[in-house]
$ cat work-v6.csv   # CSV, C-alpha atoms
chain,number,residue,atom,x,y,z
A,1,MET,CA,125.1,89.5,109.2
A,2,SER,CA,121.4,89.8,109.0
A,3,LEU,CA,121.3,93.5,108.2
A,4,TYR,CA,123.5,92.6,105.3
A,5,TYR,CA,120.9,90.4,103.7
A,6,LEU,CA,118.1,92.8,104.6
A,7,GLN,CA,119.8,95.5,102.8
A,8,LYS,CA,120.8,93.2,100.0
A,9,VAL,CA,117.1,92.5,99.2
A,10,LEU,CA,116.5,96.1,98.8
A,11,TYR,CA,119.7,96.7,96.8
A,12,ASP,CA,118.7,94.0,94.4
A,13,LEU,CA,115.1,95.4,94.1
A,14,ASN,CA,116.3,98.9,93.5
A,15,ARG,CA,118.5,97.9,90.7
A,16,ASN,CA,116.2,95.5,88.9
A,17,PRO,CA,112.8,96.7,87.5
A,18,GLN,CA,111.8,93.1,86.6
A,19,LEU,CA,112.5,91.9,90.1
A,20,GLN,CA,110.3,94.7,91.4
A,21,VAL,CA,107.5,93.4,89.3
A,22,THR,CA,108.0,89.9,90.6
A,23,TYR,CA,108.3,91.2,94.1
A,24,MET,CA,105.0,93.1,93.9
A,25,GLU,CA,103.3,89.9,92.6
A,26,SER,CA,104.9,87.5,95.0
A,27,ALA,CA,107.1,89.0,97.7
A,28,ASP,CA,107.5,85.6,99.4
A,29,LEU,CA,109.0,84.1,96.3
A,30,VAL,CA,111.7,86.8,96.1
A,31,LEU,CA,112.4,86.9,99.9
A,32,SER,CA,112.8,83.1,100.0
A,33,GLN,CA,116.1,83.7,98.2
A,34,TYR,CA,117.6,85.6,101.1
A,35,SER,CA,118.6,84.7,104.6
A,36,LEU,CA,116.3,86.8,106.7
A,37,THR,CA,114.9,86.7,110.2
A,38,GLU,CA,111.1,86.5,110.6
A,39,GLN,CA,111.1,90.1,111.9
A,40,GLU,CA,112.9,91.3,108.9
A,41,ARG,CA,110.7,89.4,106.5
A,42,THR,CA,107.6,90.7,108.2
A,43,ALA,CA,108.9,94.3,108.1
A,44,LEU,CA,109.5,94.0,104.4
A,45,ILE,CA,106.1,92.4,103.6
A,46,GLU,CA,104.0,95.0,105.5
A,47,PRO,CA,106.1,97.2,104.7
A,48,ASP,CA,107.0,98.7,108.1
A,49,ILE,CA,109.4,101.5,107.1
A,50,GLY,CA,109.9,102.5,110.7
A,51,LEU,CA,111.1,99.1,111.7
A,52,LEU,CA,113.3,98.7,108.7
A,53,TYR,CA,115.0,102.0,109.6
A,54,VAL,CA,115.4,100.9,113.2
A,55,LEU,CA,116.9,97.6,112.1
A,56,GLY,CA,119.6,99.7,110.4
A,57,VAL,CA,118.6,99.9,106.7
A,58,ASN,CA,120.4,102.8,105.1
A,59,GLY,CA,118.0,105.5,104.0
A,60,GLN,CA,119.6,105.7,100.6
A,61,ILE,CA,118.4,102.1,100.0
A,62,LEU,CA,115.2,102.4,102.0
A,63,MET,CA,113.8,105.5,100.3
A,64,HIS,CA,113.5,103.7,97.0
A,65,PHE,CA,111.7,100.8,98.7
A,66,ALA,CA,109.2,103.4,100.1
A,67,ALA,CA,108.8,104.9,96.6
A,68,LEU,CA,108.2,101.4,95.2
A,69,HIS,CA,105.2,101.2,97.6
A,70,LYS,CA,104.0,104.7,96.5
A,71,ILE,CA,104.7,106.1,100.0
A,72,GLU,CA,105.0,109.9,99.7
A,73,TRP,CA,108.2,111.6,100.8
A,74,ASP,CA,106.7,113.2,103.9
A,75,ASP,CA,105.0,110.0,104.9
A,76,TYR,CA,108.3,108.1,104.5
A,77,LEU,CA,110.1,110.6,106.9
A,78,GLN,CA,107.2,110.3,109.3
A,79,ALA,CA,107.2,106.5,109.2
A,80,MET,CA,110.9,106.5,110.3
A,81,ARG,CA,110.2,108.9,113.2
A,82,GLU,CA,107.3,106.8,114.3
A,83,GLY,CA,109.5,103.7,114.0
A,84,ILE,CA,112.0,105.3,116.5
A,85,ASP,CA,109.1,106.1,118.9
A,86,LYS,CA,107.7,102.6,118.6
A,87,TYR,CA,110.8,100.4,118.4
A,88,GLY,CA,113.5,102.5,120.0
A,89,PRO,CA,116.9,103.7,118.7
A,90,VAL,CA,118.5,102.4,115.5
A,91,ARG,CA,120.1,99.1,116.3
A,92,ASP,CA,122.7,98.6,113.6
A,93,GLY,CA,124.4,100.2,110.6
A,94,VAL,CA,125.7,103.7,110.0
A,95,TYR,CA,122.9,105.5,111.9
A,96,ALA,CA,123.9,103.7,115.1
A,97,MET,CA,127.3,105.3,115.0
A,98,THR,CA,126.4,108.2,117.3
A,99,GLY,CA,123.0,109.3,118.7
A,100,ALA,CA,121.4,106.0,117.6
A,101,GLY,CA,118.9,107.8,115.6
A,102,LYS,CA,117.7,110.1,118.3
A,103,ASN,CA,119.2,113.2,116.8
A,104,PHE,CA,115.9,114.5,115.5
A,105,THR,CA,115.7,117.8,113.7
A,106,LYS,CA,113.4,120.5,114.9
A,107,ASN,CA,110.5,120.8,112.5
A,108,SER,CA,111.5,124.4,111.8
A,109,GLU,CA,114.8,123.1,110.4
A,110,VAL,CA,113.2,120.6,108.1
A,111,HIS,CA,110.1,122.1,106.5
A,112,SER,CA,110.4,125.0,104.1
A,113,ASP,CA,107.2,124.4,102.3
B,1,MET,CA,145.9,118.0,76.9
B,2,SER,CA,145.0,118.7,80.5
B,3,LEU,CA,142.4,119.4,83.1
B,4,VAL,CA,140.5,122.4,81.8
B,5,TYR,CA,137.8,122.7,84.4
B,6,ALA,CA,137.3,121.6,88.0
B,7,GLY,CA,134.2,122.3,90.0
B,8,VAL,CA,131.7,121.0,92.5
B,9,CYS,CA,128.0,121.0,92.9
B,10,SER,CA,125.3,119.3,95.0
B,11,HIS,CA,123.4,116.3,93.8
B,12,ALA,CA,120.5,115.7,96.3
B,13,PRO,CA,117.5,114.0,94.7
B,14,GLY,CA,115.2,116.7,96.1
B,15,ILE,CA,116.8,119.2,93.7
B,16,THR,CA,114.7,117.7,90.9
B,17,ALA,CA,112.2,115.5,92.8
B,18,ARG,CA,110.9,118.1,95.1
B,19,ALA,CA,111.6,121.2,93.0
B,20,GLN,CA,108.1,122.5,93.2
B,21,ARG,CA,108.2,122.6,97.0
B,22,ALA,CA,111.3,124.9,97.3
B,23,ASP,CA,111.3,128.6,97.6
B,24,PRO,CA,111.2,129.6,93.9
B,25,VAL,CA,113.5,132.5,94.3
B,26,ILE,CA,116.3,130.6,96.0
B,27,ARG,CA,115.7,127.5,93.8
B,28,ASP,CA,115.9,129.4,90.6
B,29,ASP,CA,119.0,131.2,91.7
B,30,PHE,CA,120.6,127.8,92.4
B,31,TYR,CA,119.5,126.6,89.0
B,32,ARG,CA,121.0,129.7,87.3
B,33,HIS,CA,124.4,128.9,88.9
B,34,LEU,CA,124.1,125.3,87.7
B,35,GLU,CA,123.5,126.7,84.2
B,36,LYS,CA,126.6,128.9,84.6
B,37,MET,CA,128.5,125.8,85.4
B,38,ARG,CA,127.2,124.1,82.3
B,39,THR,CA,128.3,127.0,80.1
B,40,ASP,CA,131.7,127.3,81.8
B,41,ILE,CA,132.3,123.6,81.1
B,42,VAL,CA,131.3,124.0,77.4
B,43,ASN,CA,133.4,127.1,77.1
B,44,SER,CA,136.4,125.3,78.6
B,45,GLY,CA,136.4,123.1,75.5
B,46,ALA,CA,136.1,120.0,77.6
B,47,GLU,CA,135.8,116.8,75.5
B,48,ALA,CA,134.8,114.6,78.4
B,49,LEU,CA,133.4,115.1,81.9
B,50,VAL,CA,134.7,113.2,84.9
B,51,VAL,CA,132.0,113.1,87.6
B,52,ILE,CA,133.4,112.3,91.1
B,53,ALA,CA,130.4,111.0,92.8
B,54,ALA,CA,129.3,109.3,96.0
B,55,GLU,CA,126.8,106.8,94.7
B,56,HIS,CA,124.3,105.3,97.0
B,57,PHE,CA,124.2,101.6,96.6
B,58,ALA,CA,123.2,101.7,93.0
B,59,ASN,CA,126.2,99.7,91.8
B,60,PHE,CA,128.3,98.9,94.8
B,61,PHE,CA,127.2,96.9,97.8
B,62,MET,CA,128.9,95.4,100.8
B,63,ASN,CA,129.6,92.2,99.0
B,64,ASN,CA,132.5,94.0,97.2
B,65,MET,CA,132.7,97.6,98.0
B,66,PRO,CA,135.6,99.5,96.3
B,67,ALA,CA,137.0,102.5,98.0
B,68,TYR,CA,137.4,104.0,94.5
B,69,CYS,CA,136.0,103.0,91.1
B,70,ILE,CA,136.2,104.6,87.7
B,71,GLY,CA,133.8,103.8,84.8
B,72,MET,CA,135.1,102.3,81.6
B,73,GLY,CA,131.9,101.7,79.8
B,74,ASP,CA,130.8,102.4,76.3
B,75,GLU,CA,127.6,103.9,77.7
B,76,TYR,CA,125.8,104.1,81.0
B,77,GLU,CA,122.2,104.2,82.1
B,78,GLY,CA,120.4,106.4,84.5
B,79,PRO,CA,118.7,107.3,86.7
B,80,ILE,CA,118.2,104.1,88.5
B,81,GLU,CA,115.5,105.7,90.5
B,82,ASP,CA,111.9,105.8,89.3
B,83,PRO,CA,112.0,108.5,86.7
B,84,GLU,CA,108.7,109.9,87.8
B,85,TRP,CA,109.9,110.1,91.4
B,86,LEU,CA,113.2,111.8,90.5
B,87,LYS,CA,111.6,113.7,87.6
B,88,ILE,CA,114.5,112.9,85.3
B,89,PRO,CA,113.8,110.6,82.3
B,90,ARG,CA,115.8,107.4,82.2
B,91,THR,CA,118.3,107.5,79.3
B,92,LYS,CA,121.6,106.3,78.0
B,93,ILE,CA,124.6,108.4,78.7
B,94,PRO,CA,127.7,108.1,76.4
B,95,GLY,CA,131.0,106.9,77.9
B,96,ALA,CA,134.6,107.2,76.7
B,97,PRO,CA,136.0,103.7,77.2
B,98,ASP,CA,139.4,104.3,75.6
B,99,LEU,CA,139.9,107.6,77.5
B,100,SER,CA,138.7,105.9,80.7
B,101,LYS,CA,141.2,103.1,80.2
B,102,ARG,CA,144.1,105.5,79.8
B,103,LEU,CA,143.1,107.5,82.8
B,104,ILE,CA,142.6,104.4,85.0
B,105,THR,CA,146.0,103.1,83.9
B,106,GLU,CA,147.7,106.3,85.0
B,107,VAL,CA,145.8,106.6,88.2
B,108,MET,CA,146.9,103.1,89.1
B,109,GLN,CA,150.5,104.2,89.1
B,110,THR,CA,149.8,105.5,92.6
B,111,VAL,CA,146.3,104.6,93.7
B,112,ASP,CA,144.6,101.2,93.4
B,113,THR,CA,141.2,101.9,91.9
B,114,ALA,CA,138.6,99.5,90.8
B,115,PHE,CA,137.0,99.9,87.3
B,116,ALA,CA,133.6,99.1,85.9
B,117,GLN,CA,132.4,98.7,82.4
B,118,GLU,CA,128.8,98.6,83.6
B,119,TRP,CA,127.4,101.4,85.8
B,120,LYS,CA,123.9,102.6,86.5
B,121,PHE,CA,123.8,106.2,87.5
B,122,ASP,CA,121.7,107.2,90.5
B,123,HIS,CA,120.7,110.7,91.5
B,124,GLY,CA,124.3,111.3,92.6
B,125,ILE,CA,125.3,111.6,88.9
B,126,SER,CA,122.0,111.9,87.2
B,127,VAL,CA,121.0,115.1,89.0
B,128,PRO,CA,124.2,117.0,88.1
B,129,LEU,CA,124.1,115.8,84.5
B,130,HIS,CA,120.4,116.9,84.2
B,131,PHE,CA,121.8,120.4,84.6
B,132,LEU,CA,125.3,120.2,83.3
B,133,THR,CA,124.9,118.1,80.2
B,134,PRO,CA,121.1,118.1,79.7
B,135,ASN,CA,121.4,116.8,76.1
B,136,TYR,CA,123.7,114.0,77.2
B,137,ASP,CA,126.0,114.9,74.4
B,138,MET,CA,129.3,114.9,76.3
B,139,PRO,CA,131.1,111.7,77.2
B,140,ILE,CA,130.9,111.0,80.9
B,141,ILE,CA,133.5,109.1,83.0
B,142,PRO,CA,131.9,108.3,86.4
B,143,VAL,CA,134.0,108.0,89.4
B,144,ASN,CA,132.8,106.7,92.7
B,145,ILE,CA,134.3,107.2,96.2
B,146,ASN,CA,132.6,105.1,98.8
B,147,CYS,CA,131.0,107.5,101.2
B,148,GLN,CA,128.2,105.3,102.3
B,149,GLY,CA,129.3,102.0,103.7
B,150,PRO,CA,132.0,102.2,106.4
B,151,PRO,CA,134.8,101.6,106.7
B,152,LEU,CA,135.5,104.5,104.4
B,153,THR,CA,138.7,105.5,102.7
B,154,PRO,CA,140.7,108.0,104.8
B,155,LEU,CA,140.9,111.6,103.6
B,156,HIS,CA,144.6,111.6,102.9
B,157,ARG,CA,144.0,108.7,100.5
B,158,VAL,CA,141.2,110.8,98.9
B,159,TRP,CA,143.7,113.5,98.4
B,160,ALA,CA,146.1,111.1,96.8
B,161,PHE,CA,143.3,109.9,94.5
B,162,GLY,CA,142.5,113.4,93.4
B,163,GLU,CA,146.1,114.1,92.7
B,164,ALA,CA,146.3,110.9,90.7
B,165,LEU,CA,143.2,111.9,88.7
B,166,ARG,CA,144.9,115.3,87.9
B,167,ARG,CA,148.1,113.6,86.8
B,168,ALA,CA,146.0,111.2,84.6
B,169,CYS,CA,144.1,114.1,83.1
B,170,ASP,CA,147.3,115.9,82.3
B,171,SER,CA,148.7,112.8,80.6
B,172,VAL,CA,146.1,112.5,77.9
B,173,ALA,CA,145.5,114.5,74.8
B,174,GLU,CA,141.9,115.2,75.5
B,175,LYS,CA,140.6,118.2,77.4
B,176,ILE,CA,139.0,117.0,80.6
B,177,ALA,CA,136.5,118.6,83.0
B,178,ILE,CA,136.0,117.3,86.5
B,179,VAL,CA,133.0,117.9,88.6
B,180,GLY,CA,132.8,116.6,92.2
B,181,THR,CA,129.3,116.2,93.6
B,182,GLY,CA,128.2,115.6,97.2
B,183,GLY,CA,127.2,117.0,100.6
B,184,ILE,CA,128.2,119.1,102.4
B,185,SER,CA,126.3,118.5,105.7
B,186,HIS,CA,123.1,116.6,105.3
B,187,TRP,CA,121.1,113.8,106.8
B,188,PRO,CA,119.5,112.4,103.6
B,189,ALA,CA,116.7,110.0,103.5
B,190,THR,CA,116.5,109.8,107.4
B,191,PRO,CA,114.2,111.3,109.9
B,192,ASP,CA,116.5,114.3,110.0
B,193,SER,CA,116.2,114.9,106.3
B,194,GLY,CA,116.2,118.6,105.8
B,195,LYS,CA,118.5,119.4,108.6
B,196,ILE,CA,121.5,121.4,107.4
B,197,ASN,CA,124.4,122.6,109.5
B,198,GLU,CA,125.0,125.9,107.7
B,199,GLN,CA,127.9,127.0,109.9
B,200,TRP,CA,129.7,123.7,109.4
B,201,ASP,CA,129.1,124.0,105.7
B,202,ARG,CA,130.5,127.5,105.6
B,203,ASP,CA,133.6,126.5,107.6
B,204,PHE,CA,134.2,123.7,105.2
B,205,LEU,CA,133.7,125.9,102.2
B,206,GLU,CA,136.2,128.4,103.6
B,207,LYS,CA,138.8,125.7,103.7
B,208,PHE,CA,137.8,124.5,100.3
B,209,LYS,CA,138.0,128.0,98.9
B,210,ARG,CA,141.6,128.3,100.0
B,211,ASN,CA,142.2,124.7,98.8
B,212,ASP,CA,143.9,124.3,102.2
B,213,LYS,CA,145.1,120.7,102.1
B,214,GLN,CA,146.0,120.5,105.8
B,215,ALA,CA,142.7,122.0,106.9
B,216,LEU,CA,140.6,119.8,104.5
B,217,LEU,CA,142.3,116.7,105.7
B,218,SER,CA,141.8,117.6,109.4
B,219,TYR,CA,138.2,116.2,109.4
B,220,ASP,CA,137.5,112.8,110.9
B,221,ASP,CA,134.5,110.6,110.4
B,222,MET,CA,133.1,110.7,113.9
B,223,SER,CA,133.1,114.5,114.1
B,224,THR,CA,131.8,114.7,110.5
B,225,TYR,CA,129.0,112.4,111.4
B,226,SER,CA,128.2,114.4,114.5
B,227,GLU,CA,128.3,117.8,112.9
B,228,GLY,CA,127.5,117.0,109.3
B,229,GLY,CA,125.5,113.8,109.3
B,230,GLN,CA,126.1,110.7,107.4
B,231,GLY,CA,125.8,112.8,104.2
B,232,GLY,CA,128.8,114.7,105.4
B,233,PHE,CA,131.0,111.8,104.5
B,234,GLU,CA,130.6,113.0,100.9
B,235,ILE,CA,133.1,115.8,101.6
B,236,ARG,CA,135.4,113.2,100.0
B,237,THR,CA,134.1,114.2,96.6
B,238,TYR,CA,134.9,117.8,97.2
B,239,ILE,CA,138.3,117.0,98.7
B,240,ALA,CA,139.3,114.8,95.7
B,241,THR,CA,138.3,117.6,93.4
B,242,ALA,CA,140.4,120.1,95.4
B,243,ALA,CA,143.3,117.7,95.2
B,244,ALA,CA,142.9,117.5,91.4
B,245,ALA,CA,143.0,121.3,91.4
B,246,THR,CA,146.0,121.5,93.7
B,247,GLY,CA,147.6,125.0,93.6
B,248,ALA,CA,144.3,126.7,92.5
B,249,THR,CA,141.8,128.4,94.8
B,250,ALA,CA,138.1,128.1,94.5
B,251,ASN,CA,135.3,130.5,93.7
B,252,ILE,CA,132.2,129.7,95.6
B,253,HIS,CA,129.5,130.9,93.3
B,254,PHE,CA,126.5,129.8,95.3
B,255,TYR,CA,125.7,128.4,98.7
B,256,ALA,CA,122.3,128.3,100.3
B,257,PRO,CA,120.5,125.8,102.6
B,258,ILE,CA,117.4,124.5,100.9
B,259,PRO,CA,115.8,122.2,103.4
B,260,ILE,CA,113.3,120.6,101.1
B,261,PHE,CA,116.3,119.6,98.9
B,262,ALA,CA,117.9,118.2,102.1
B,263,VAL,CA,121.2,119.9,101.5
B,264,GLY,CA,123.0,123.2,101.5
B,265,CYS,CA,123.1,123.7,97.7
B,266,THR,CA,126.5,124.6,96.4
B,267,CYS,CA,128.2,125.5,93.1
B,268,ALA,CA,131.9,126.3,93.0
B,269,HIS,CA,134.8,126.0,90.6
B,270,PHE,CA,138.6,126.3,90.8
B,271,GLU,CA,140.6,129.0,89.0
B,272,LEU,CA,142.9,126.6,87.2
$ encode --input "work-v6.csv" --output "structure tokens"
Amino acid sequence: MSLYYLQKVLYDLNRNPQLQVTYMESADLVLSQYSLTEQERTALIEPDIGLLYVLGVNGQILMHFAALHKIEWDDYLQAMREGIDKYGPVRDGVYAMTGAGKNFTKNSEVHSD
Amino acid sequence: MSLVYAGVCSHAPGITARAQRADPVIRDDFYRHLEKMRTDIVNSGAEALVVIAAEHFANFFMNNMPAYCIGMGDEYEGPIEDPEWLKIPRTKIPGAPDLSKRLITEVMQTVDTAFAQEWKFDHGISVPLHFLTPNYDMPIIPVNINCQGPPLTPLHRVWAFGEALRRACDSVAEKIAIVGTGGISHWPATPDSGKINEQWDRDFLEKFKRNDKQALLSYDDMSTYSEGGQGGFEIRTYIATAAAATGATANIHFYAPIPIFAVGCTCAHFEL
């Protein structure tokens, strides 16, 4: 159930601008309301986008958390790639269905700019 | 009166958020076809626009995830994303609660749908509306099909839902337009963002063009995930629209992979 609450934090943050303000002022205060493992809590606080991705957070939720931290799009994508390299395949959630997050795209397929 | 317009288009956030990074020739051609959709909807006389979307955890989460939900609000708000990030100003969007209630009531004759009087649009609806109703002067009825959090509704139920929407549209006095928004293949917001399986997309569009029910319902989630990514689950929005347009074939106006938009950008409409 842990991934559920990890994603729930981000779901709540994404929907609530006032909660975002509170979170940026005191993340501990907000996170204390959720049942999280120490690893999940640390990944959120840093934030460690790569680890959050490997833990199974859906990108549709995670990309907004990256934007909240002013992480640029290309840096966000790179952080997830580095997370796979550092922590291994995606462990849970929809991306663990097949390939476990190892199905990387060739750079030539991704970058048009 | 009846359904007067049915079409589909892409909704990826990069379409607006990363507009400046796309090839301007292809980007502007895509934008022109979105503008053509806008004028076609206006010229259809539509009095309300039903947007069949695949929202992305803006309103619905795994604490209570509906397979289907239809909006019944007086108004909506969007985008939920940082407006500076998405490059679409946050605004209020008018709803049509009485019309929604009548549509929902009719849909429920055959399909159990949730409804919501509160709904925050994410890019899945806000990006299409940015092009299709840029002045936010047409009442919107949002529809969500869960394409994000498995288990997902099976495709034959998606077809039934689309048929129910059509029957509901044909049961009311107002002229209704439907636009489905989604994939086709894409790996949004993941390390594979920008990957597009053009052949898979074109195969799907060929089936979509024929409005071939049997072929459209032949997909399964594992092969879709493998070939089309988790974003491929959004074929549900296209299939529901096809079902709403049963008996009509589609005109694919535009298809082009635009990697920085992270999707094969599509515009199509059915000859009702």
$ residues_around --input "work-v6.csv" --residues "stretch 54-59 of chain A" --least-positions-apart "4" --cutoff "8 Å" --atoms "only C-alpha atoms" --output "PDB file with C-alpha atoms, keeping the file's coordinate frame"
ATOM      1  CA  LEU A   3     121.300  93.500 108.200  1.00  0.00           C
ATOM      2  CA  LEU A   6     118.100  92.800 104.600  1.00  0.00           C
ATOM      3  CA  GLN A   7     119.800  95.500 102.800  1.00  0.00           C
ATOM      4  CA  GLY A  50     109.900 102.500 110.700  1.00  0.00           C
ATOM      5  CA  MET A  63     113.800 105.500 100.300  1.00  0.00           C
ATOM      6  CA  MET A  80     110.900 106.500 110.300  1.00  0.00           C
ATOM      7  CA  GLY A  83     109.500 103.700 114.000  1.00  0.00           C
ATOM      8  CA  ILE A  84     112.000 105.300 116.500  1.00  0.00           C
ATOM      9  CA  TYR A  87     110.800 100.400 118.400  1.00  0.00           C
ATOM     10  CA  GLY A  88     113.500 102.500 120.000  1.00  0.00           C
ATOM     11  CA  PRO A  89     116.900 103.700 118.700  1.00  0.00           C
ATOM     12  CA  VAL A  90     118.500 102.400 115.500  1.00  0.00           C
ATOM     13  CA  ARG A  91     120.100  99.100 116.300  1.00  0.00           C
ATOM     14  CA  ASP A  92     122.700  98.600 113.600  1.00  0.00           C
ATOM     15  CA  GLY A  93     124.400 100.200 110.600  1.00  0.00           C
ATOM     16  CA  VAL A  94     125.700 103.700 110.000  1.00  0.00           C
ATOM     17  CA  TYR A  95     122.900 105.500 111.900  1.00  0.00           C
ATOM     18  CA  ALA A  96     123.900 103.700 115.100  1.00  0.00           C
TER      19      ALA A  96
ATOM     20  CA  PRO B 188     119.500 112.400 103.600  1.00  0.00           C
ATOM     21  CA  ALA B 189     116.700 110.000 103.500  1.00  0.00           C
ATOM     22  CA  THR B 190     116.500 109.800 107.400  1.00  0.00           C
TER      23      THR B 190
END
$ residues_around --input "work-v6.csv" --residues "stretch 63-80 of chain B" --least-positions-apart "6" --cutoff "8 Å" --atoms "all atoms listed in the file" --output "JSON, numbers by chain"
{"A": [14, 15], "B": [88, 89, 90, 91, 92, 93, 94, 95, 96, 97, 98, 100, 101, 104, 112, 113, 114, 115, 116, 117, 118, 119, 120, 121, 122, 123, 126, 141, 142, 143, 144, 145, 146, 149, 152, 153]}
$ closest_atom_pairs --input "work-v6.csv" --of "chain B" --to "chain A" --cutoff "7 Å" --atoms "only C-alpha atoms" --output "Markdown table"
| residue | atom | partner | partner_atom | distance |
| --- | --- | --- | --- | --- |
| B:Arg21 | CA | A:Asp113 | CA | 5.7 |
| B:Ala22 | CA | A:Asp113 | CA | 6.5 |
| B:His56 | CA | A:Gln60 | CA | 5.9 |
| B:Phe57 | CA | A:Tyr11 | CA | 6.7 |
| B:Ala58 | CA | A:Arg15 | CA | 6.5 |
| B:Ile80 | CA | A:Arg15 | CA | 6.6 |
| B:Ala189 | CA | A:Gly59 | CA | 4.7 |
| B:Thr190 | CA | A:Gly59 | CA | 5.7 |
| B:Pro191 | CA | A:Leu77 | CA | 5.1 |
| B:Asp192 | CA | A:Thr105 | CA | 5.2 |
| B:Ser193 | CA | A:Val110 | CA | 6.7 |
| B:Gly194 | CA | A:Val110 | CA | 4.3 |
| B:Lys195 | CA | A:Val110 | CA | 5.5 |
| B:Pro259 | CA | A:Val110 | CA | 5.6 |
| B:Ile260 | CA | A:Ser112 | CA | 6.1 |
$ atom_distance --input "work-v6.csv" --atom1 "atom CA of B:His130" --atom2 "atom CA of B:Trp85"
14.4 Å
$ atom_distance --input "work-v6.csv" --atom1 "atom CA of B:Glu81" --atom2 "atom CA of B:Tyr225"
25.8 Å
$ residues_around --input "work-v6.csv" --residues "A:Glu40" --least-positions-apart "2" --cutoff "9 Å" --atoms "only C-alpha atoms" --output "ChimeraX atom specification"
/A:2-3,6,36-38,42-45,51-52,55
$ residues_around --input "work-v6.csv" --residues "B:Lys87" --least-positions-apart "4" --cutoff "7 Å" --atoms "only C-alpha atoms" --output "list in words"
Thr16, Ala17 and Pro83 of chain B
$ atom_distance --input "work-v6.csv" --atom1 "atom CA of B:Phe131" --atom2 "atom CA of B:Glu35"
6.5 Å
$ axis_aligned_box --input "work-v6.csv" --around "stretch 36-39 of chain A" --padding-each-side "3 Å" --output "lines of an AutoDock Vina configuration file"
center_x = 113.7
center_y = 88.3
center_z = 109.3
size_x = 11.2
size_y = 9.6
size_z = 11.2
$ residues_around --input "work-v6.csv" --residues "B:Ser185" --least-positions-apart "3" --cutoff "10 Å" --atoms "all atoms listed in the file" --output "PyMOL selection string"
chain B and resi 182+188+195-202+204+224-235+257+262-264
$ write_last_selection --input "work-v6.csv" --atoms "C-alpha atoms" --output "JSON list (two decimals), in the coordinates of the input"
[["chain", "number", "residue", "atom", "x", "y", "z"],
["B", 182, "GLY", "CA", 128.20, 115.60, 97.20],
["B", 188, "PRO", "CA", 119.50, 112.40, 103.60],
["B", 195, "LYS", "CA", 118.50, 119.40, 108.60],
["B", 196, "ILE", "CA", 121.50, 121.40, 107.40],
["B", 197, "ASN", "CA", 124.40, 122.60, 109.50],
["B", 198, "GLU", "CA", 125.00, 125.90, 107.70],
["B", 199, "GLN", "CA", 127.90, 127.00, 109.90],
["B", 200, "TRP", "CA", 129.70, 123.70, 109.40],
["B", 201, "ASP", "CA", 129.10, 124.00, 105.70],
["B", 202, "ARG", "CA", 130.50, 127.50, 105.60],
["B", 204, "PHE", "CA", 134.20, 123.70, 105.20],
["B", 224, "THR", "CA", 131.80, 114.70, 110.50],
["B", 225, "TYR", "CA", 129.00, 112.40, 111.40],
["B", 226, "SER", "CA", 128.20, 114.40, 114.50],
["B", 227, "GLU", "CA", 128.30, 117.80, 112.90],
["B", 228, "GLY", "CA", 127.50, 117.00, 109.30],
["B", 229, "GLY", "CA", 125.50, 113.80, 109.30],
["B", 230, "GLN", "CA", 126.10, 110.70, 107.40],
["B", 231, "GLY", "CA", 125.80, 112.80, 104.20],
["B", 232, "GLY", "CA", 128.80, 114.70, 105.40],
["B", 233, "PHE", "CA", 131.00, 111.80, 104.50],
["B", 234, "GLU", "CA", 130.60, 113.00, 100.90],
["B", 235, "ILE", "CA", 133.10, 115.80, 101.60],
["B", 257, "PRO", "CA", 120.50, 125.80, 102.60],
["B", 262, "ALA", "CA", 117.90, 118.20, 102.10],
["B", 263, "VAL", "CA", 121.20, 119.90, 101.50],
["B", 264, "GLY", "CA", 123.00, 123.20, 101.50]]
$ closest_residue --input "work-v6.csv" --among "A:Leu13, A:Leu29, A:Ile71, A:Val21" --to "A:Ile49" --atoms "all atoms listed in the file"
A:Ile71
